[in-house]
Structure formats: C-alpha cells, structure tokens
Amino acid sequence: MLKRINYYAAAPQAFELLLKQEYILGKQFEQIPSLGKTILELVKLRASQINQCAFCLDMHSTQAFEMGETHERIIALSAWQDSPLFSEKERQALAWVEHLVAGHSVDDVHYEEMLASFGESGLTYLTIAINAISSWNRMVKVFKPEVGSFR
C-alpha cells in the first residue's frame, strides 16, 4: 500500500486548529448540562460508523470504554433506534448525527425540537461536534493513519 503523507507535519497550523477545536468541544460538552461526555463519544462513534472510518471507530470506542461505556451499548450503537439502551437525549443526538451526516436540510419542526432539548449552546456545540468528527473521518480516509496508532 502506498505510504501517505503525515498530515500533521504537512500542515501543522491547520492540524493544531483541529486539535484546539477538540479540546474546546470536550470542555463544553462537560459544562453544558444538556450534553455531557457520553453524548460526545456516542456522536463521534455514530458519525464514524456512518462515514466508515475504522481509525476513528477504534479510537473513540477505546475512549468510550475508558470512560466506562459498556460493550452492549457500543455494539448496539449501529441499531440504536431499536435498542432500549439509549436515553431519550442520546437518541435525539444520534438522530441529529444521522440527519446531518446524510446532508439533509433541517426543517423548522426538527430544529425547534432540538433547540428545546439542548438549548442554544448545546445545539450549537452538538452540531459543531458532528461537523468536527466528520472532518476527522474525511482526513483519515485520505491520509490513512494506521488503525490503533493513536495509542
């Protein structure tokens, strides 16, 4: 297989922006009551499933397990709609992931429901987090770092 470039070395300032965004998202998800670190990891995992990013799935499932997430919930994540293992708030966040990753427009009813559940800051950070992980998924699919190399 062709060896891909080291994207960090090729564009360190841009890469640092992505890392800073991750740091900010992590802090905000901890501080905003409607979110939380569990939702952040579920969002990252679900987007990575949809985008078929093996590197990100490995990374975020490992991080989720380290946070205390169960194997049952990680396994059930791809079929979350049919699983009783996820809270209503988690289900809303996962539905938002699927909607946005698919590139669908958001109608007023769906927007109002999400705003009522997550609040202005929560909805904004949730949307940015979905955009961020989708960006990482695309970077990984281009530059193909070795799965597990983040450890």
# chains A, B, ... in the order shown; residues from 1 in each chain; ligands from 1
$ residues_around --residues "Gly122 of chain A" --least-positions-apart "4" --cutoff "9 Å" --atoms "only C-alpha atoms" --output "PDB file with N, CA and C atoms, in the first residue's frame"
ATOM      1  N   GLN A  28     -16.704  22.027  26.611  1.00  0.00           N
ATOM      2  CA  GLN A  28     -18.084  22.491  26.538  1.00  0.00           C
ATOM      3  C   GLN A  28     -19.073  21.361  26.784  1.00  0.00           C
ATOM      4  N   PHE A  29     -18.800  20.191  26.247  1.00  0.00           N
ATOM      5  CA  PHE A  29     -19.708  19.062  26.471  1.00  0.00           C
ATOM      6  C   PHE A  29     -19.750  18.694  27.952  1.00  0.00           C
ATOM      7  N   ILE A  32     -21.980  21.906  29.630  1.00  0.00           N
ATOM      8  CA  ILE A  32     -23.369  22.168  29.232  1.00  0.00           C
ATOM      9  C   ILE A  32     -24.229  21.003  29.712  1.00  0.00           C
ATOM     10  N   PRO A  33     -25.180  21.273  30.610  1.00  0.00           N
ATOM     11  CA  PRO A  33     -25.973  20.192  31.212  1.00  0.00           C
ATOM     12  C   PRO A  33     -26.712  19.302  30.213  1.00  0.00           C
ATOM     13  N   SER A  34     -27.126  19.846  29.077  1.00  0.00           N
ATOM     14  CA  SER A  34     -27.893  19.041  28.116  1.00  0.00           C
ATOM     15  C   SER A  34     -27.008  18.106  27.289  1.00  0.00           C
ATOM     16  N   LEU A  35     -25.684  18.210  27.450  1.00  0.00           N
ATOM     17  CA  LEU A  35     -24.777  17.390  26.650  1.00  0.00           C
ATOM     18  C   LEU A  35     -24.084  16.351  27.518  1.00  0.00           C
ATOM     19  N   LEU A 115     -33.697  22.372  19.616  1.00  0.00           N
ATOM     20  CA  LEU A 115     -33.424  23.570  20.407  1.00  0.00           C
ATOM     21  C   LEU A 115     -34.056  23.456  21.790  1.00  0.00           C
ATOM     22  N   SER A 117     -34.654  20.743  23.438  1.00  0.00           N
ATOM     23  CA  SER A 117     -33.961  19.706  24.200  1.00  0.00           C
ATOM     24  C   SER A 117     -32.551  20.099  24.620  1.00  0.00           C
ATOM     25  N   PHE A 118     -31.827  20.782  23.746  1.00  0.00           N
ATOM     26  CA  PHE A 118     -30.415  21.031  24.001  1.00  0.00           C
ATOM     27  C   PHE A 118     -30.080  22.487  24.309  1.00  0.00           C
ATOM     28  N   LEU A 126     -23.292  20.678  19.736  1.00  0.00           N
ATOM     29  CA  LEU A 126     -23.602  19.358  19.185  1.00  0.00           C
ATOM     30  C   LEU A 126     -23.394  19.356  17.677  1.00  0.00           C
ATOM     31  N   THR A 127     -23.867  20.386  17.004  1.00  0.00           N
ATOM     32  CA  THR A 127     -23.728  20.494  15.553  1.00  0.00           C
ATOM     33  C   THR A 127     -22.258  20.633  15.156  1.00  0.00           C
TER      34      THR A 127
END
$ residues_around --residues "Leu45 of chain A" --least-positions-apart "2" --cutoff "10 Å" --atoms "only C-alpha atoms" --output "list of chain:residue names"
A:Ile39, A:Leu40, A:Glu41, A:Leu42, A:Val43, A:Ala47, A:Ser48, A:Gln49, A:Ile50, A:Asn51, A:Cys53, A:Cys56, A:Leu57, A:Asp58, A:Met59, A:His60, A:Ser61, A:Ala64, A:Ile74, A:Leu77, A:Ser78, A:Leu94, A:Val97, A:Ile133
$ closest_residue --among "A:Trp136, A:Glu98, A:Tyr111, A:Glu120" --to "Leu19 of chain A" --atoms "only C-alpha atoms"
A:Trp136
$ atom_distance --atom1 "atom CA of Gly36 of chain A" --atom2 "atom CA of Ser121 of chain A"
12.6 Å
$ closest_residue --among "A:Met1, A:Ala132, A:Phe55, A:Ser83" --to "Tyr23 of chain A" --atoms "only C-alpha atoms"
A:Ala132
$ residues_around --residues "segment 142-144 of chain A" --least-positions-apart "6" --cutoff "10 Å" --atoms "only C-alpha atoms" --output "compact mmCIF listing (two decimals) with C-alpha atoms, in the first residue's frame"
# COMPACT_ATOMS: atom_id res chain seq x y z
CA LEU A 2 1.20 3.50 -0.82
CA LYS A 3 2.59 5.36 2.20
CA ARG A 4 0.54 8.52 2.73
CA ILE A 5 1.89 11.86 3.90
CA ASN A 6 2.00 12.86 7.54
CA TYR A 7 -0.78 15.44 7.54
CA CYS A 53 -13.85 5.34 9.43
CA ALA A 54 -12.08 2.38 11.06
CA PHE A 55 -9.37 4.52 12.68
CA TRP A 136 -11.63 13.95 11.07
$ closest_residue --among "A:Tyr125, A:Glu146, A:Lys20, A:Lys141" --to "Gln52 of chain A" --atoms "only C-alpha atoms"
A:Lys141
$ closest_residue --among "A:Ala79, A:Ala95, A:Val140, A:Ile128" --to "Gln21 of chain A" --atoms "only C-alpha atoms"
A:Ile128
$ closest_residue --among "A:Arg91, A:Lys44, A:His104, A:His110" --to "Ser134 of chain A" --atoms "only C-alpha atoms"
A:Lys44
$ atom_distance --atom1 "atom CA of Thr124 of chain A" --atom2 "atom CA of Trp96 of chain A"
11.8 Å
$ decode --residues "segment 26-110 of chain A" --atoms "C-alpha atoms" --output "PDB file, in the first residue's frame"
ATOM      1  CA  GLY A  26     -14.604  18.381  25.191  1.00  0.00           C
ATOM      2  CA  LYS A  27     -14.712  21.199  27.742  1.00  0.00           C
ATOM      3  CA  GLN A  28     -18.084  22.491  26.538  1.00  0.00           C
ATOM      4  CA  PHE A  29     -19.708  19.062  26.471  1.00  0.00           C
ATOM      5  CA  GLU A  30     -18.626  18.651  30.112  1.00  0.00           C
ATOM      6  CA  GLN A  31     -20.059  22.046  31.113  1.00  0.00           C
ATOM      7  CA  ILE A  32     -23.369  22.168  29.232  1.00  0.00           C
ATOM      8  CA  PRO A  33     -25.973  20.192  31.212  1.00  0.00           C
ATOM      9  CA  SER A  34     -27.893  19.041  28.116  1.00  0.00           C
ATOM     10  CA  LEU A  35     -24.777  17.390  26.650  1.00  0.00           C
ATOM     11  CA  GLY A  36     -22.047  15.510  28.535  1.00  0.00           C
ATOM     12  CA  LYS A  37     -19.016  13.447  27.557  1.00  0.00           C
ATOM     13  CA  THR A  38     -21.105  10.323  26.930  1.00  0.00           C
ATOM     14  CA  ILE A  39     -23.129  12.061  24.221  1.00  0.00           C
ATOM     15  CA  LEU A  40     -19.933  13.420  22.682  1.00  0.00           C
ATOM     16  CA  GLU A  41     -18.399   9.949  22.390  1.00  0.00           C
ATOM     17  CA  LEU A  42     -21.646   8.432  21.081  1.00  0.00           C
ATOM     18  CA  VAL A  43     -21.842  11.188  18.451  1.00  0.00           C
ATOM     19  CA  LYS A  44     -18.240  10.567  17.406  1.00  0.00           C
ATOM     20  CA  LEU A  45     -18.809   6.837  17.201  1.00  0.00           C
ATOM     21  CA  ARG A  46     -22.078   7.039  15.270  1.00  0.00           C
ATOM     22  CA  ALA A  47     -20.715   9.529  12.730  1.00  0.00           C
ATOM     23  CA  SER A  48     -17.624   7.346  12.309  1.00  0.00           C
ATOM     24  CA  GLN A  49     -19.843   4.299  11.718  1.00  0.00           C
ATOM     25  CA  ILE A  50     -21.825   6.140   9.061  1.00  0.00           C
ATOM     26  CA  ASN A  51     -18.639   7.504   7.461  1.00  0.00           C
ATOM     27  CA  GLN A  52     -16.993   4.057   7.731  1.00  0.00           C
ATOM     28  CA  CYS A  53     -13.853   5.337   9.433  1.00  0.00           C
ATOM     29  CA  ALA A  54     -12.077   2.379  11.064  1.00  0.00           C
ATOM     30  CA  PHE A  55      -9.366   4.524  12.682  1.00  0.00           C
ATOM     31  CA  CYS A  56     -11.924   6.804  14.390  1.00  0.00           C
ATOM     32  CA  LEU A  57     -14.105   3.861  15.418  1.00  0.00           C
ATOM     33  CA  ASP A  58     -11.119   2.239  17.083  1.00  0.00           C
ATOM     34  CA  MET A  59     -10.074   5.474  18.781  1.00  0.00           C
ATOM     35  CA  HIS A  60     -13.488   6.522  20.052  1.00  0.00           C
ATOM     36  CA  SER A  61     -14.636   3.075  21.139  1.00  0.00           C
ATOM     37  CA  THR A  62     -11.404   2.780  23.141  1.00  0.00           C
ATOM     38  CA  GLN A  63     -12.007   6.205  24.689  1.00  0.00           C
ATOM     39  CA  ALA A  64     -15.651   5.367  25.400  1.00  0.00           C
ATOM     40  CA  PHE A  65     -14.653   2.138  27.173  1.00  0.00           C
ATOM     41  CA  GLU A  66     -12.091   4.089  29.215  1.00  0.00           C
ATOM     42  CA  MET A  67     -14.913   6.456  30.259  1.00  0.00           C
ATOM     43  CA  GLY A  68     -16.946   3.479  31.460  1.00  0.00           C
ATOM     44  CA  GLU A  69     -19.151   2.895  28.426  1.00  0.00           C
ATOM     45  CA  THR A  70     -20.471  -0.665  28.151  1.00  0.00           C
ATOM     46  CA  HIS A  71     -19.768  -3.158  25.380  1.00  0.00           C
ATOM     47  CA  GLU A  72     -23.519  -3.677  24.981  1.00  0.00           C
ATOM     48  CA  ARG A  73     -24.135  -0.020  24.142  1.00  0.00           C
ATOM     49  CA  ILE A  74     -21.190   0.194  21.761  1.00  0.00           C
ATOM     50  CA  ILE A  75     -22.381  -2.930  19.954  1.00  0.00           C
ATOM     51  CA  ALA A  76     -25.978  -1.658  19.867  1.00  0.00           C
ATOM     52  CA  LEU A  77     -24.998   1.781  18.578  1.00  0.00           C
ATOM     53  CA  SER A  78     -25.389   0.857  14.914  1.00  0.00           C
ATOM     54  CA  ALA A  79     -29.003  -0.123  15.671  1.00  0.00           C
ATOM     55  CA  TRP A  80     -29.717   2.494  18.342  1.00  0.00           C
ATOM     56  CA  GLN A  81     -33.242   3.145  17.013  1.00  0.00           C
ATOM     57  CA  ASP A  82     -34.273  -0.368  18.024  1.00  0.00           C
ATOM     58  CA  SER A  83     -32.315  -0.557  21.256  1.00  0.00           C
ATOM     59  CA  PRO A  84     -33.667   0.274  24.715  1.00  0.00           C
ATOM     60  CA  LEU A  85     -30.118   1.027  25.927  1.00  0.00           C
ATOM     61  CA  PHE A  86     -30.089   4.726  24.985  1.00  0.00           C
ATOM     62  CA  SER A  87     -31.739   7.631  26.792  1.00  0.00           C
ATOM     63  CA  GLU A  88     -34.131   9.986  25.042  1.00  0.00           C
ATOM     64  CA  LYS A  89     -31.458  12.713  24.951  1.00  0.00           C
ATOM     65  CA  GLU A  90     -28.932  10.287  23.448  1.00  0.00           C
ATOM     66  CA  ARG A  91     -31.494   9.180  20.873  1.00  0.00           C
ATOM     67  CA  GLN A  92     -32.113  12.777  19.842  1.00  0.00           C
ATOM     68  CA  ALA A  93     -28.368  13.404  19.486  1.00  0.00           C
ATOM     69  CA  LEU A  94     -27.910  10.222  17.457  1.00  0.00           C
ATOM     70  CA  ALA A  95     -30.811  11.124  15.173  1.00  0.00           C
ATOM     71  CA  TRP A  96     -29.220  14.572  14.699  1.00  0.00           C
ATOM     72  CA  VAL A  97     -25.940  12.876  13.732  1.00  0.00           C
ATOM     73  CA  GLU A  98     -27.651  10.751  11.121  1.00  0.00           C
ATOM     74  CA  HIS A  99     -29.583  13.684   9.732  1.00  0.00           C
ATOM     75  CA  LEU A 100     -26.571  15.972   9.418  1.00  0.00           C
ATOM     76  CA  VAL A 101     -24.063  13.378   8.195  1.00  0.00           C
ATOM     77  CA  ALA A 102     -26.536  12.490   5.441  1.00  0.00           C
ATOM     78  CA  GLY A 103     -26.517  16.156   4.427  1.00  0.00           C
ATOM     79  CA  HIS A 104     -30.245  16.706   4.928  1.00  0.00           C
ATOM     80  CA  SER A 105     -31.730  20.145   5.467  1.00  0.00           C
ATOM     81  CA  VAL A 106     -33.235  20.739   8.879  1.00  0.00           C
ATOM     82  CA  ASP A 107     -36.890  21.722   8.865  1.00  0.00           C
ATOM     83  CA  ASP A 108     -38.313  24.120  11.432  1.00  0.00           C
ATOM     84  CA  VAL A 109     -40.090  21.418  13.453  1.00  0.00           C
ATOM     85  CA  HIS A 110     -36.940  19.306  13.887  1.00  0.00           C
TER      86      HIS A 110
END
